[in-house]
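Undergrad: See query-v2.txt below, with compact mmCIF, N, CA and C atoms.
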```
# COMPACT_ATOMS: atom_id res chain seq x y z
N MET N 1 106.66 159.53 -52.33
CA MET N 1 107.80 158.68 -52.55
C MET N 1 108.39 158.91 -53.95
N ALA N 2 107.51 159.06 -54.96
CA ALA N 2 107.97 159.31 -56.32
C ALA N 2 108.68 160.65 -56.42
N MET N 3 108.13 161.66 -55.73
CA MET N 3 108.76 162.98 -55.76
C MET N 3 110.14 162.93 -55.12
N ARG N 4 110.27 162.20 -54.01
CA ARG N 4 111.56 162.09 -53.33
C ARG N 4 112.59 161.38 -54.21
N LEU N 5 112.16 160.32 -54.91
CA LEU N 5 113.06 159.60 -55.82
C LEU N 5 113.53 160.51 -56.95
N CYS N 6 112.60 161.25 -57.54
CA CYS N 6 112.96 162.17 -58.62
C CYS N 6 113.94 163.23 -58.13
N LEU N 7 113.67 163.79 -56.95
CA LEU N 7 114.54 164.81 -56.39
C LEU N 7 115.96 164.27 -56.18
N LYS N 8 116.05 163.09 -55.55
CA LYS N 8 117.37 162.49 -55.28
C LYS N 8 118.11 162.09 -56.55
N ALA N 9 117.36 161.67 -57.58
CA ALA N 9 117.98 161.25 -58.84
C ALA N 9 118.25 162.42 -59.77
N GLY N 10 117.73 163.60 -59.42
CA GLY N 10 117.96 164.77 -60.26
C GLY N 10 117.08 164.79 -61.50
N VAL N 11 115.90 164.18 -61.41
CA VAL N 11 114.97 164.12 -62.54
C VAL N 11 113.78 165.01 -62.21
N PRO N 12 113.38 165.92 -63.12
CA PRO N 12 112.22 166.77 -62.85
C PRO N 12 110.97 165.91 -62.61
N PHE N 13 110.19 166.27 -61.60
CA PHE N 13 108.99 165.50 -61.27
C PHE N 13 107.87 165.77 -62.26
N GLN N 14 107.80 166.97 -62.76
CA GLN N 14 106.73 167.31 -63.71
C GLN N 14 106.91 166.49 -64.98
N ASN N 15 105.81 166.10 -65.58
CA ASN N 15 105.84 165.30 -66.80
C ASN N 15 106.36 166.17 -67.94
N THR N 16 107.61 165.98 -68.29
CA THR N 16 108.22 166.75 -69.37
C THR N 16 108.18 165.98 -70.68
N GLY N 17 107.72 164.74 -70.63
CA GLY N 17 107.64 163.94 -71.85
C GLY N 17 108.90 163.13 -72.11
N SER N 18 109.95 163.39 -71.35
CA SER N 18 111.18 162.63 -71.57
C SER N 18 111.80 162.28 -70.22
N LEU N 19 111.44 161.12 -69.74
CA LEU N 19 111.98 160.64 -68.47
C LEU N 19 113.38 160.11 -68.72
N ASP N 20 114.35 160.63 -68.03
CA ASP N 20 115.72 160.20 -68.26
C ASP N 20 116.02 158.98 -67.39
N VAL N 21 115.88 157.81 -67.97
CA VAL N 21 116.09 156.56 -67.27
C VAL N 21 117.54 156.45 -66.81
N ARG N 22 118.46 157.00 -67.57
CA ARG N 22 119.88 156.95 -67.20
C ARG N 22 120.13 157.63 -65.85
N GLN N 23 119.44 158.74 -65.61
CA GLN N 23 119.62 159.44 -64.34
C GLN N 23 119.13 158.59 -63.17
N PHE N 24 118.01 157.90 -63.36
CA PHE N 24 117.54 156.99 -62.32
C PHE N 24 118.53 155.86 -62.11
N GLN N 25 119.08 155.32 -63.22
CA GLN N 25 120.04 154.24 -63.10
C GLN N 25 121.30 154.70 -62.37
N ASP N 26 121.74 155.92 -62.64
CA ASP N 26 122.91 156.45 -61.95
C ASP N 26 122.67 156.60 -60.45
N TYR N 27 121.43 156.81 -60.06
CA TYR N 27 121.10 156.93 -58.64
C TYR N 27 120.85 155.56 -57.99
N LEU N 28 120.18 154.67 -58.70
CA LEU N 28 119.82 153.36 -58.15
C LEU N 28 120.88 152.32 -58.52
N LEU N 29 122.05 152.45 -57.93
CA LEU N 29 123.19 151.61 -58.30
C LEU N 29 123.06 150.15 -57.89
N ASP N 30 122.16 149.84 -56.98
CA ASP N 30 121.97 148.44 -56.57
C ASP N 30 121.02 147.69 -57.48
N PHE N 31 120.52 148.37 -58.50
CA PHE N 31 119.53 147.77 -59.40
C PHE N 31 119.97 147.88 -60.85
N ASN N 32 119.44 147.01 -61.67
CA ASN N 32 119.61 147.09 -63.11
C ASN N 32 118.26 147.49 -63.70
N ILE N 33 118.20 148.67 -64.29
CA ILE N 33 116.96 149.12 -64.92
C ILE N 33 117.00 148.73 -66.39
N THR N 34 115.94 148.06 -66.83
CA THR N 34 115.79 147.70 -68.24
C THR N 34 114.51 148.34 -68.75
N LEU N 35 114.63 149.07 -69.84
CA LEU N 35 113.49 149.73 -70.45
C LEU N 35 113.11 148.98 -71.72
N HIS N 36 111.90 148.42 -71.72
CA HIS N 36 111.39 147.66 -72.86
C HIS N 36 110.40 148.52 -73.64
N LYS N 37 110.29 148.22 -74.92
CA LYS N 37 109.25 148.83 -75.74
C LYS N 37 108.56 147.70 -76.49
N TYR N 38 107.25 147.77 -76.54
CA TYR N 38 106.46 146.75 -77.20
C TYR N 38 105.59 147.42 -78.25
N ALA N 39 105.77 147.03 -79.50
CA ALA N 39 104.96 147.59 -80.58
C ALA N 39 104.48 146.43 -81.45
N GLY N 40 103.20 146.16 -81.39
CA GLY N 40 102.67 145.01 -82.12
C GLY N 40 103.18 143.74 -81.49
N LYS N 41 103.89 142.95 -82.25
CA LYS N 41 104.50 141.72 -81.72
C LYS N 41 106.01 141.88 -81.57
N VAL N 42 106.51 143.10 -81.73
CA VAL N 42 107.95 143.34 -81.68
C VAL N 42 108.34 143.91 -80.32
N HIS N 43 109.24 143.22 -79.63
CA HIS N 43 109.78 143.68 -78.35
C HIS N 43 111.18 144.22 -78.59
N THR N 44 111.46 145.33 -77.94
CA THR N 44 112.78 145.93 -78.07
C THR N 44 113.25 146.38 -76.69
N VAL N 45 114.52 146.20 -76.42
CA VAL N 45 115.12 146.75 -75.20
C VAL N 45 115.77 148.07 -75.61
N LEU N 46 115.26 149.16 -75.06
CA LEU N 46 115.77 150.49 -75.38
C LEU N 46 116.94 150.89 -74.50
N PHE N 47 116.95 150.37 -73.28
CA PHE N 47 118.00 150.74 -72.33
C PHE N 47 118.19 149.61 -71.33
N GLU N 48 119.43 149.34 -71.00
CA GLU N 48 119.75 148.42 -69.90
C GLU N 48 120.95 148.98 -69.18
N GLY N 49 120.77 149.24 -67.89
CA GLY N 49 121.80 149.91 -67.10
C GLY N 49 123.04 149.09 -66.85
N PHE N 50 122.87 147.88 -66.34
CA PHE N 50 124.01 147.02 -66.00
C PHE N 50 123.80 145.65 -66.63
N PRO N 51 124.07 145.51 -67.93
CA PRO N 51 123.88 144.20 -68.56
C PRO N 51 124.75 143.13 -67.90
N ASP N 52 124.24 141.91 -67.86
CA ASP N 52 124.97 140.75 -67.33
C ASP N 52 125.38 140.92 -65.88
N SER N 53 124.65 141.71 -65.12
CA SER N 53 125.00 141.86 -63.71
C SER N 53 124.09 140.98 -62.86
N GLU N 54 124.46 140.81 -61.62
CA GLU N 54 123.66 140.02 -60.68
C GLU N 54 122.77 140.93 -59.84
N LYS N 55 122.62 142.18 -60.28
CA LYS N 55 121.82 143.14 -59.53
C LYS N 55 120.33 142.80 -59.66
N LYS N 56 119.54 143.30 -58.73
CA LYS N 56 118.09 143.15 -58.82
C LYS N 56 117.60 143.95 -60.02
N ASN N 57 116.58 143.43 -60.69
CA ASN N 57 116.10 144.05 -61.91
C ASN N 57 114.86 144.89 -61.67
N ILE N 58 114.84 146.04 -62.31
CA ILE N 58 113.65 146.87 -62.41
C ILE N 58 113.34 146.95 -63.89
N ASP N 59 112.22 146.38 -64.29
CA ASP N 59 111.83 146.39 -65.69
C ASP N 59 110.71 147.40 -65.89
N LEU N 60 110.89 148.24 -66.89
CA LEU N 60 109.90 149.25 -67.25
C LEU N 60 109.51 149.04 -68.70
N ILE N 61 108.30 149.47 -69.04
CA ILE N 61 107.87 149.42 -70.44
C ILE N 61 107.41 150.82 -70.84
N LEU N 62 107.81 151.22 -72.04
CA LEU N 62 107.45 152.52 -72.57
C LEU N 62 106.25 152.37 -73.50
N GLY N 63 105.25 153.17 -73.26
CA GLY N 63 104.08 153.19 -74.13
C GLY N 63 103.34 154.50 -73.98
N ASP N 64 102.99 155.12 -75.09
CA ASP N 64 102.26 156.40 -75.07
C ASP N 64 102.97 157.44 -74.21
N ASN N 65 104.29 157.55 -74.35
CA ASN N 65 105.10 158.51 -73.59
C ASN N 65 104.93 158.35 -72.08
N HIS N 66 104.70 157.12 -71.64
CA HIS N 66 104.53 156.83 -70.22
C HIS N 66 105.30 155.55 -69.89
N TYR N 67 105.86 155.51 -68.70
CA TYR N 67 106.64 154.36 -68.25
C TYR N 67 105.85 153.59 -67.19
N ASN N 68 105.71 152.30 -67.38
CA ASN N 68 105.03 151.45 -66.42
C ASN N 68 105.97 150.36 -65.94
N MET N 69 105.75 149.93 -64.72
CA MET N 69 106.53 148.84 -64.14
C MET N 69 106.07 147.52 -64.77
N VAL N 70 107.03 146.67 -65.09
CA VAL N 70 106.73 145.34 -65.60
C VAL N 70 106.88 144.37 -64.43
N ASN N 71 105.79 143.74 -64.04
CA ASN N 71 105.83 142.79 -62.93
C ASN N 71 106.41 141.45 -63.35
N SER N 72 106.22 141.08 -64.61
CA SER N 72 106.70 139.79 -65.10
C SER N 72 107.19 139.95 -66.53
N VAL N 73 108.50 139.80 -66.72
CA VAL N 73 109.08 139.91 -68.06
C VAL N 73 108.61 138.73 -68.91
N THR N 74 108.45 137.57 -68.30
CA THR N 74 107.97 136.42 -69.08
C THR N 74 106.54 136.64 -69.56
N ALA N 75 105.71 137.30 -68.77
CA ALA N 75 104.36 137.63 -69.24
C ALA N 75 104.42 138.65 -70.37
N LEU N 76 105.29 139.63 -70.24
CA LEU N 76 105.45 140.64 -71.29
C LEU N 76 105.84 140.00 -72.61
N TYR N 77 106.78 139.06 -72.57
CA TYR N 77 107.28 138.41 -73.77
C TYR N 77 106.49 137.15 -74.13
N GLU N 78 105.43 136.87 -73.35
CA GLU N 78 104.57 135.71 -73.59
C GLU N 78 105.39 134.43 -73.73
N CYS N 79 106.20 134.17 -72.70
CA CYS N 79 107.07 133.00 -72.72
C CYS N 79 107.25 132.49 -71.29
N SER N 80 107.91 131.36 -71.15
CA SER N 80 108.16 130.85 -69.80
C SER N 80 109.59 131.13 -69.36
N TYR N 81 110.45 131.57 -70.29
CA TYR N 81 111.84 131.88 -69.96
C TYR N 81 112.27 133.11 -70.74
N TYR N 82 112.89 134.06 -70.03
CA TYR N 82 113.44 135.26 -70.67
C TYR N 82 114.93 135.31 -70.40
N CYS N 83 115.71 135.38 -71.45
CA CYS N 83 117.18 135.46 -71.32
C CYS N 83 117.57 136.93 -71.33
N ARG N 84 118.04 137.42 -70.20
CA ARG N 84 118.45 138.82 -70.11
C ARG N 84 119.70 139.10 -70.94
N ARG N 85 120.54 138.11 -71.05
CA ARG N 85 121.78 138.29 -71.82
C ARG N 85 121.48 138.51 -73.31
N CYS N 86 120.58 137.69 -73.87
CA CYS N 86 120.24 137.79 -75.29
C CYS N 86 119.04 138.71 -75.55
N LYS N 87 118.32 139.03 -74.47
CA LYS N 87 117.14 139.89 -74.55
C LYS N 87 116.04 139.29 -75.42
N ILE N 88 115.82 137.99 -75.26
CA ILE N 88 114.74 137.32 -75.98
C ILE N 88 114.02 136.35 -75.04
N GLY N 89 112.79 136.06 -75.38
CA GLY N 89 112.01 135.10 -74.62
C GLY N 89 111.84 133.83 -75.42
N CYS N 90 111.67 132.71 -74.73
CA CYS N 90 111.40 131.45 -75.40
C CYS N 90 110.54 130.59 -74.50
N LYS N 91 109.98 129.56 -75.08
CA LYS N 91 109.03 128.72 -74.35
C LYS N 91 109.70 127.96 -73.21
N GLN N 92 110.91 127.48 -73.40
CA GLN N 92 111.62 126.73 -72.36
C GLN N 92 113.08 127.15 -72.35
N ALA N 93 113.67 127.18 -71.16
CA ALA N 93 115.07 127.56 -71.03
C ALA N 93 115.98 126.61 -71.80
N ASP N 94 115.64 125.32 -71.80
CA ASP N 94 116.48 124.34 -72.50
C ASP N 94 116.43 124.49 -74.02
N HIS N 95 115.45 125.24 -74.53
CA HIS N 95 115.34 125.44 -75.97
C HIS N 95 116.08 126.69 -76.43
N HIS N 96 116.68 127.40 -75.50
CA HIS N 96 117.43 128.60 -75.83
C HIS N 96 118.92 128.34 -75.64
N PHE N 97 119.70 128.76 -76.61
CA PHE N 97 121.14 128.59 -76.49
C PHE N 97 121.83 129.93 -76.71
N CYS N 98 122.36 130.48 -75.63
CA CYS N 98 123.12 131.73 -75.72
C CYS N 98 124.45 131.46 -76.40
N ALA N 99 124.89 132.40 -77.18
CA ALA N 99 126.19 132.26 -77.81
C ALA N 99 127.30 132.24 -76.76
N THR N 100 127.03 132.81 -75.58
CA THR N 100 128.04 132.86 -74.54
C THR N 100 127.97 131.67 -73.59
N LYS N 101 126.95 130.84 -73.70
CA LYS N 101 126.85 129.66 -72.84
C LYS N 101 127.86 128.60 -73.26
N CYS N 102 128.20 127.73 -72.33
CA CYS N 102 129.03 126.59 -72.66
C CYS N 102 128.21 125.64 -73.53
N SER N 103 128.77 125.21 -74.62
CA SER N 103 128.05 124.34 -75.55
C SER N 103 127.93 122.91 -75.03
N ARG N 104 128.58 122.60 -73.91
CA ARG N 104 128.51 121.24 -73.34
C ARG N 104 127.64 121.18 -72.10
N CYS N 105 127.93 122.01 -71.10
CA CYS N 105 127.19 121.91 -69.83
C CYS N 105 126.09 122.96 -69.71
N TYR N 106 126.05 123.92 -70.65
CA TYR N 106 125.06 124.99 -70.68
C TYR N 106 125.16 125.96 -69.51
N SER N 107 126.31 126.05 -68.87
CA SER N 107 126.48 127.07 -67.84
C SER N 107 126.47 128.43 -68.53
N PRO N 108 126.14 129.50 -67.80
CA PRO N 108 125.98 130.82 -68.43
C PRO N 108 127.23 131.34 -69.14
N ASN N 109 128.41 130.90 -68.70
CA ASN N 109 129.65 131.34 -69.32
C ASN N 109 130.35 130.15 -69.96
N PRO N 110 131.07 130.37 -71.05
CA PRO N 110 131.74 129.25 -71.70
C PRO N 110 132.82 128.64 -70.80
N CYS N 111 132.91 127.33 -70.81
CA CYS N 111 133.95 126.64 -70.03
C CYS N 111 135.26 126.64 -70.79
N THR N 112 136.36 126.65 -70.05
CA THR N 112 137.68 126.63 -70.65
C THR N 112 137.99 125.22 -71.13
N LYS N 113 138.41 125.14 -72.38
CA LYS N 113 138.79 123.83 -72.93
C LYS N 113 140.18 123.46 -72.43
N THR N 114 140.30 122.25 -71.90
CA THR N 114 141.57 121.75 -71.39
C THR N 114 141.82 120.37 -71.99
N ASP N 115 142.89 119.74 -71.56
CA ASP N 115 143.18 118.38 -72.02
C ASP N 115 142.28 117.35 -71.35
N PHE N 116 141.55 117.78 -70.34
CA PHE N 116 140.62 116.91 -69.62
C PHE N 116 139.54 116.42 -70.58
N ARG N 117 139.26 115.16 -70.53
CA ARG N 117 138.16 114.60 -71.30
C ARG N 117 137.42 113.61 -70.42
N ARG N 118 136.13 113.84 -70.26
CA ARG N 118 135.31 112.92 -69.48
C ARG N 118 133.99 112.75 -70.19
N GLU N 119 133.62 111.53 -70.42
CA GLU N 119 132.38 111.24 -71.12
C GLU N 119 131.29 110.89 -70.11
N CYS N 120 130.11 111.42 -70.35
CA CYS N 120 128.95 111.08 -69.53
C CYS N 120 128.37 109.79 -70.08
N LYS N 121 128.22 108.80 -69.23
CA LYS N 121 127.70 107.50 -69.65
C LYS N 121 126.21 107.56 -69.97
N THR N 122 125.52 108.59 -69.49
CA THR N 122 124.09 108.72 -69.74
C THR N 122 123.80 109.31 -71.12
N CYS N 123 124.55 110.35 -71.49
CA CYS N 123 124.26 111.04 -72.75
C CYS N 123 125.37 110.90 -73.79
N ASN N 124 126.51 110.33 -73.39
CA ASN N 124 127.65 110.11 -74.29
C ASN N 124 128.32 111.40 -74.77
N TRP N 125 128.14 112.49 -74.05
CA TRP N 125 128.83 113.73 -74.37
C TRP N 125 130.16 113.77 -73.62
N THR N 126 131.13 114.43 -74.21
CA THR N 126 132.43 114.63 -73.58
C THR N 126 132.53 116.09 -73.15
N PHE N 127 133.12 116.32 -71.96
CA PHE N 127 133.14 117.66 -71.38
C PHE N 127 134.54 118.24 -71.33
N TYR N 128 134.59 119.60 -71.30
CA TYR N 128 135.84 120.34 -71.45
C TYR N 128 136.76 120.29 -70.24
N ASN N 129 136.20 120.22 -69.04
CA ASN N 129 137.00 120.15 -67.82
C ASN N 129 136.13 119.58 -66.70
N GLN N 130 136.70 119.39 -65.53
CA GLN N 130 135.97 118.77 -64.43
C GLN N 130 134.76 119.61 -64.02
N ASP N 131 134.93 120.94 -63.95
CA ASP N 131 133.80 121.82 -63.60
C ASP N 131 132.68 121.70 -64.63
N CYS N 132 133.05 121.62 -65.89
CA CYS N 132 132.08 121.48 -66.97
C CYS N 132 131.27 120.19 -66.78
N PHE N 133 131.98 119.11 -66.47
CA PHE N 133 131.31 117.83 -66.23
C PHE N 133 130.39 117.91 -65.02
N GLU N 134 130.86 118.53 -63.94
CA GLU N 134 130.03 118.66 -62.73
C GLU N 134 128.80 119.54 -62.99
N ASN N 135 128.97 120.61 -63.76
CA ASN N 135 127.82 121.44 -64.13
C ASN N 135 126.77 120.61 -64.85
N HIS N 136 127.23 119.77 -65.75
CA HIS N 136 126.34 118.89 -66.49
C HIS N 136 125.62 117.93 -65.56
N ARG N 137 126.36 117.34 -64.66
CA ARG N 137 125.78 116.36 -63.72
C ARG N 137 124.72 117.00 -62.82
N ASN N 138 124.90 118.26 -62.51
CA ASN N 138 124.00 118.95 -61.58
C ASN N 138 122.80 119.60 -62.25
N ARG N 139 122.69 119.46 -63.56
CA ARG N 139 121.52 120.02 -64.25
C ARG N 139 120.27 119.28 -63.80
N PRO N 140 119.16 120.00 -63.63
CA PRO N 140 117.92 119.37 -63.15
C PRO N 140 117.45 118.18 -63.98
N ILE N 141 117.75 118.18 -65.27
CA ILE N 141 117.29 117.09 -66.12
C ILE N 141 117.90 115.75 -65.70
N PHE N 142 119.07 115.80 -65.03
CA PHE N 142 119.73 114.58 -64.59
C PHE N 142 119.52 114.29 -63.10
N SER N 143 118.66 115.04 -62.47
CA SER N 143 118.49 114.87 -61.02
C SER N 143 117.98 113.48 -60.65
N ASN N 144 117.19 112.86 -61.51
CA ASN N 144 116.68 111.53 -61.25
C ASN N 144 117.37 110.44 -62.06
N ALA N 145 118.36 110.84 -62.84
CA ALA N 145 119.09 109.87 -63.65
C ALA N 145 120.43 109.56 -63.02
N ARG N 146 120.97 108.45 -63.37
CA ARG N 146 122.29 108.07 -62.88
C ARG N 146 123.34 108.56 -63.88
N VAL N 147 124.11 109.54 -63.49
CA VAL N 147 125.14 110.11 -64.35
C VAL N 147 126.49 109.66 -63.83
N LEU N 148 127.28 109.06 -64.68
CA LEU N 148 128.59 108.54 -64.27
C LEU N 148 129.71 109.42 -64.82
```
Would you kindly transcribe this structure into structure tokens?
TA:
Amino acid sequence: MAMRLCLKAGVPFQNTGSLDVRQFQDYLLDFNITLHKYAGKVHTVLFEGFPDSEKKNIDLILGDNHYNMVNSVTALYECSYYCRRCKIGCKQADHHFCATKCSRCYSPNPCTKTDFRRECKTCNWTFYNQDCFENHRNRPIFSNARVL
């Protein structure tokens, strides 16, 4: 199976010491390949094929001139949440704030600011638009609370 993948992707099967991840990414268009490197306590992303995509992820780690499959990125980064957009891990998703997230409802993309203003009676925050408010209401933290 590995030989067939290499042949179709145009990558030499023999260990040449330099596996061209880009060639595999060009062949595996339904996937996002991310190549991680771990040295000591420092994690680095060396390559990411389709950043911010909804494609299935294939995570690899480089070590000793060899590539291994990463079964769990959170285990690799020793965290419970890994943000692919920022390429960092943290203990809880709610403790991470992406620069691209909405600062009000925490949706992955920033909400458009409009003249709409709606205050949540539970947390006293005001939201940018109706979708922003609904995103906030639907967050798991409010699933058992009464949000008006």
Undergrad: Would you work out the distance separating atom N of N:Asp52 from atom C of N:Cys105, expressed in Å to one decimal?
TA: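 Computing the Euclidean distance for atom N of N:Asp52 and atom C of N:Cys105 yields 19.1 Å.
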Undergrad: As an exercise, work out the distance from atom C of N:Ile33 to atom C of N:Asp20 in Å and give it to one decimal place.
TA: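 So the answer is 10.3 Å.
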Undergrad: Give the answer as one residue: which of N:Leu29, N:Thr34, N:Asn135, N:Phe97 has the shortest atom-to-atom distance to N:Ile61, using only N, CA and C atoms?
TA: N:Thr34
Undergrad: Between atom CA of N:Ala75 and atom CA of N:Asp94, measure the distance and give it in Å to one decimal.
TA: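 Between atom CA of N:Ala75 and atom CA of N:Asp94 the gap works out to 18.3 Å.
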Undergrad: Env of N:Ile58: 7 Å cut, atoms = all atoms listed in the file, seq-sep filter 3 positions within chain, self excluded. Answer as JSON, numbers by chain.
TA: {"N": [31, 32, 33, 34, 35, 55, 70]}
Undergrad: Taking only C-alpha atoms into account, name the residue in N:Asn129, N:Asn65, N:Asn138, N:Ser80 that is nearest to N:Lys113.
TA: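 Residue with the minimum atom-to-atom distance to N:Lys113: N:Asn129.
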Undergrad: Mind listing the alpha helix (DSSP H) residues of stretch 12-72 of chain N, per DSSP on the backbone, as a list in words?
TA: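 Assigned to alpha helix (DSSP H), within stretch 12-72 of chain N: Val21, Arg22, Gln23, Phe24, Gln25, Asp26 and Tyr27 of chain N.
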Undergrad: Mind listing the strand (DSSP E or B) residues of chain N, per DSSP on the backbone, as number ranges by chain?
TA: N: 31-39, 42-48, 56-63, 66-69, 81-83, 88-90, 118-119, 126-127
Undergrad: Measuring atom to atom with only N, CA and C atoms, identify which of N:Cys132, N:Ala93, N:Ala99, N:Val45 is nearest to N:Thr112.
TA: N:Cys132
Undergrad: Compare N:Glu119, N:Asp64, N:Asp131, N:Asp26 by their minimum atom-to-atom distance to N:Ser107, counting only C-alpha atoms, and give me the closest one.
TA: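 Of all the options, N:Asp131 lies closest to N:Ser107.
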Undergrad: Considering only C-alpha atoms, can you say which of N:Phe47, N:Phe116, N:Phe24, N:Trp125 comes closest to N:Arg137?
TA: N:Trp125
Undergrad: Write out as a VMD selection string each polymer residue whose atoms come within 8 Å of N:Cys79, counting all atoms listed in the file; drop sequence neighbours fewer than 2 positions from it.
TA: chain N and resid 73 to 77 81 to 82 89 to 92
